[in-house]
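Below: the structure, in structure tokens.
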Amino acid sequence: MNKYNRVVLKLSGEALAGEQGYGIDPKVIQSIAAQVKELVDLDVEVAIVVGAGNIWRGMAGSAQGMDRATADYMGMLATVMNGLALQDGFENIGVETRVQTSIEMRQVAEPYIRRKAIRHLEKKRVVIFAAGTGNPYFSTDTTSALRAAEIEAEVILMAKNNVDGVYNADPRVDPNAKKYETITYMDVLKDGLQVMDSTASSLCMDNNIPLIVFSIMEDGNIKRAVLGEEIGTVVKGK
Ligand code: UDP
């Protein structure tokens, strides 16, 4: 039995880059597509929010002297490229997929319309939310929190490619870092843990949306999370 029937899967841009660390790795797209297909086959309604760290981050542009809002719009556009790559990979293996963008580009994808997104999900189509929230100064983590609240998703699945949960210190730096099984958003915020940005954490906290942080590098993990197996770290409202 599925523990969750409607989920938001957050894929960071970095997760799509694979070992090359930049751009889009077709092998990774295939692997994600196969994992998402397993969910669809379990009748889980899957909405995906995709980032763009593999292509462009607004903060990096602004650190080099660019206007922050312009750099952020570039980041949002880059998420659309990732969204289309995912759609292509999904449809190659027969998973019906719609991309909806928060910035209109009708020749490329549907505009974001909440009720239409829900309708697609009910028809077991995967919906990819691209172009973030459509607003500069936000992140795709915030987008996942916002869209999860809007479509009444039961959980956000945060697939990471470099870490397998939430730790009290960076496990790549500190060998004694301890992984949490569960933690509250309040503690994440209080201790400044690098789970998601604080805007996203508080939105999840205020709307009581749980988050599961886990590694996407282990095949089958997305399905395990949906079935309620204990993987990674669960971040809870209370
Ligand atoms: N972005 C934005 N508003 C949003 C979502 C994203 O301005 O609502 C921009 C921002 O510049 C960000 C970039 O898009 O750096 C890519 O998103 P993010 O950094 O969240 O990607 P990830 O870290 O998940 O790969």
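Lettering and numbering for the structure tokens are positional, with chains as A, B, ... in the shown order, residues counted from 1 in each chain, and ligands counted from 1 in the shown order.
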
9 Å shell around ligand 1 using only C-alpha atoms and all ligand atoms, listed as JSON, numbers by chain | {"A": [10, 11, 12, 13, 14, 15, 16, 49, 50, 51, 52, 53, 54, 55, 56, 57, 58, 59, 60, 61, 62, 68, 69, 70, 71, 72, 73, 74, 75, 76, 77, 78, 79, 102, 130, 131, 132, 133, 134, 135, 136, 137, 138, 139, 140, 141, 142, 143]}

Any idea what's packed within 8 Å of Gly232 of chain A, counting only C-alpha atoms, ignoring anything in its chain fewer than 2 positions away? Could you give it as a ChimeraX atom specification?
-> /A:164-166,181,212-215,230,234

Residue neighbourhood Ala169 of chain A, 10 Å, only C-alpha atoms, exclusion window fewer than 3 positions, as a list in words = Val166, Arg172, Val173, Asp174, Pro175, Asn176, Ala177, Lys178, Lys179, Leu193 and Gln194 of chain A

Please report, as a list in words, each residue of segment 80-155 of chain A to which DSSP assigns strand (DSSP E) when run on this structure's backbone.
-> Thr97, Arg98, Val99, Gln100, Thr101, Glu110, Pro111, Val126, Val127, Ile128, Phe129, Ala130 and Val155 of chain A

Residues of segment 26-107 of chain A in helix (DSSP H, G or I) according to DSSP, as an MDAnalysis selection string?
-> chainID A and resid 26:41 58:63 68:92

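Here atom CA of Tyr4 of chain A and atom CA of Glu229 of chain A stand 11.3 Å from one another.
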
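Take the candidates A:Asn207, A:Thr101, A:Asn221, A:Ser198 and check each one against Ile48 of chain A using only C-alpha atoms; the shortest distance goes to A:Thr101.
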
Listing only residues of segment 87-150 of chain A within 12 Å of segment 30-45 of chain A, what is the closest atom pair and its distance in Å (to one decimal) for each, using only C-alpha atoms, sorted by chain and residue number ascending, as JSON lines?
```
{"residue": "A:Gln87", "atom": "CA", "partner": "A:Ala33", "partner_atom": "CA", "distance": 8.7}
{"residue": "A:Asp88", "atom": "CA", "partner": "A:Ala33", "partner_atom": "CA", "distance": 9.3}
{"residue": "A:Gly89", "atom": "CA", "partner": "A:Gln30", "partner_atom": "CA", "distance": 6.0}
{"residue": "A:Phe90", "atom": "CA", "partner": "A:Ala33", "partner_atom": "CA", "distance": 5.0}
{"residue": "A:Glu91", "atom": "CA", "partner": "A:Ala33", "partner_atom": "CA", "distance": 8.6}
{"residue": "A:Asn92", "atom": "CA", "partner": "A:Ala33", "partner_atom": "CA", "distance": 8.7}
{"residue": "A:Ile93", "atom": "CA", "partner": "A:Ala33", "partner_atom": "CA", "distance": 7.5}
{"residue": "A:Gly94", "atom": "CA", "partner": "A:Lys37", "partner_atom": "CA", "distance": 8.4}
{"residue": "A:Val95", "atom": "CA", "partner": "A:Lys37", "partner_atom": "CA", "distance": 6.4}
{"residue": "A:Glu96", "atom": "CA", "partner": "A:Val40", "partner_atom": "CA", "distance": 9.6}
{"residue": "A:Thr97", "atom": "CA", "partner": "A:Ala33", "partner_atom": "CA", "distance": 10.8}
{"residue": "A:Ala117", "atom": "CA", "partner": "A:Glu45", "partner_atom": "CA", "distance": 10.8}
{"residue": "A:Ile118", "atom": "CA", "partner": "A:Glu45", "partner_atom": "CA", "distance": 9.2}
{"residue": "A:Arg119", "atom": "CA", "partner": "A:Glu45", "partner_atom": "CA", "distance": 10.5}
{"residue": "A:His120", "atom": "CA", "partner": "A:Glu45", "partner_atom": "CA", "distance": 9.0}
{"residue": "A:Leu121", "atom": "CA", "partner": "A:Glu45", "partner_atom": "CA", "distance": 5.4}
{"residue": "A:Glu122", "atom": "CA", "partner": "A:Glu45", "partner_atom": "CA", "distance": 7.0}
{"residue": "A:Lys123", "atom": "CA", "partner": "A:Glu45", "partner_atom": "CA", "distance": 8.6}
{"residue": "A:Lys124", "atom": "CA", "partner": "A:Glu45", "partner_atom": "CA", "distance": 5.8}
{"residue": "A:Arg125", "atom": "CA", "partner": "A:Glu45", "partner_atom": "CA", "distance": 7.4}
{"residue": "A:Val126", "atom": "CA", "partner": "A:Glu45", "partner_atom": "CA", "distance": 7.0}
{"residue": "A:Val127", "atom": "CA", "partner": "A:Glu45", "partner_atom": "CA", "distance": 8.8}
{"residue": "A:Ile128", "atom": "CA", "partner": "A:Glu45", "partner_atom": "CA", "distance": 11.6}
{"residue": "A:Ala148", "atom": "CA", "partner": "A:Glu45", "partner_atom": "CA", "distance": 11.9}
```

Name the residues in contact with Asp206 of chain A at a cut-off of 10 Å, using only C-alpha atoms, excluding same-chain residues fewer than 3 positions from it; report them as a ChimeraX atom specification.
-> /A:185,201-203,209,237-238

Would you save the residues from that selection as an mmCIF file, in the first residue's frame, using C-alpha atoms?
```
data_model
loop_
_atom_site.group_PDB
_atom_site.id
_atom_site.type_symbol
_atom_site.label_atom_id
_atom_site.label_comp_id
_atom_site.auth_asym_id
_atom_site.auth_seq_id
_atom_site.Cartn_x
_atom_site.Cartn_y
_atom_site.Cartn_z
ATOM 1 C CA TYR A 185 11.216 22.610 10.441
ATOM 2 C CA SER A 201 11.081 25.791 5.250
ATOM 3 C CA SER A 202 8.705 28.270 6.814
ATOM 4 C CA LEU A 203 6.130 27.785 4.065
ATOM 5 C CA ILE A 209 3.737 19.717 4.682
ATOM 6 C CA GLY A 237 5.829 20.519 10.871
ATOM 7 C CA LYS A 238 5.552 19.698 14.547
#
```
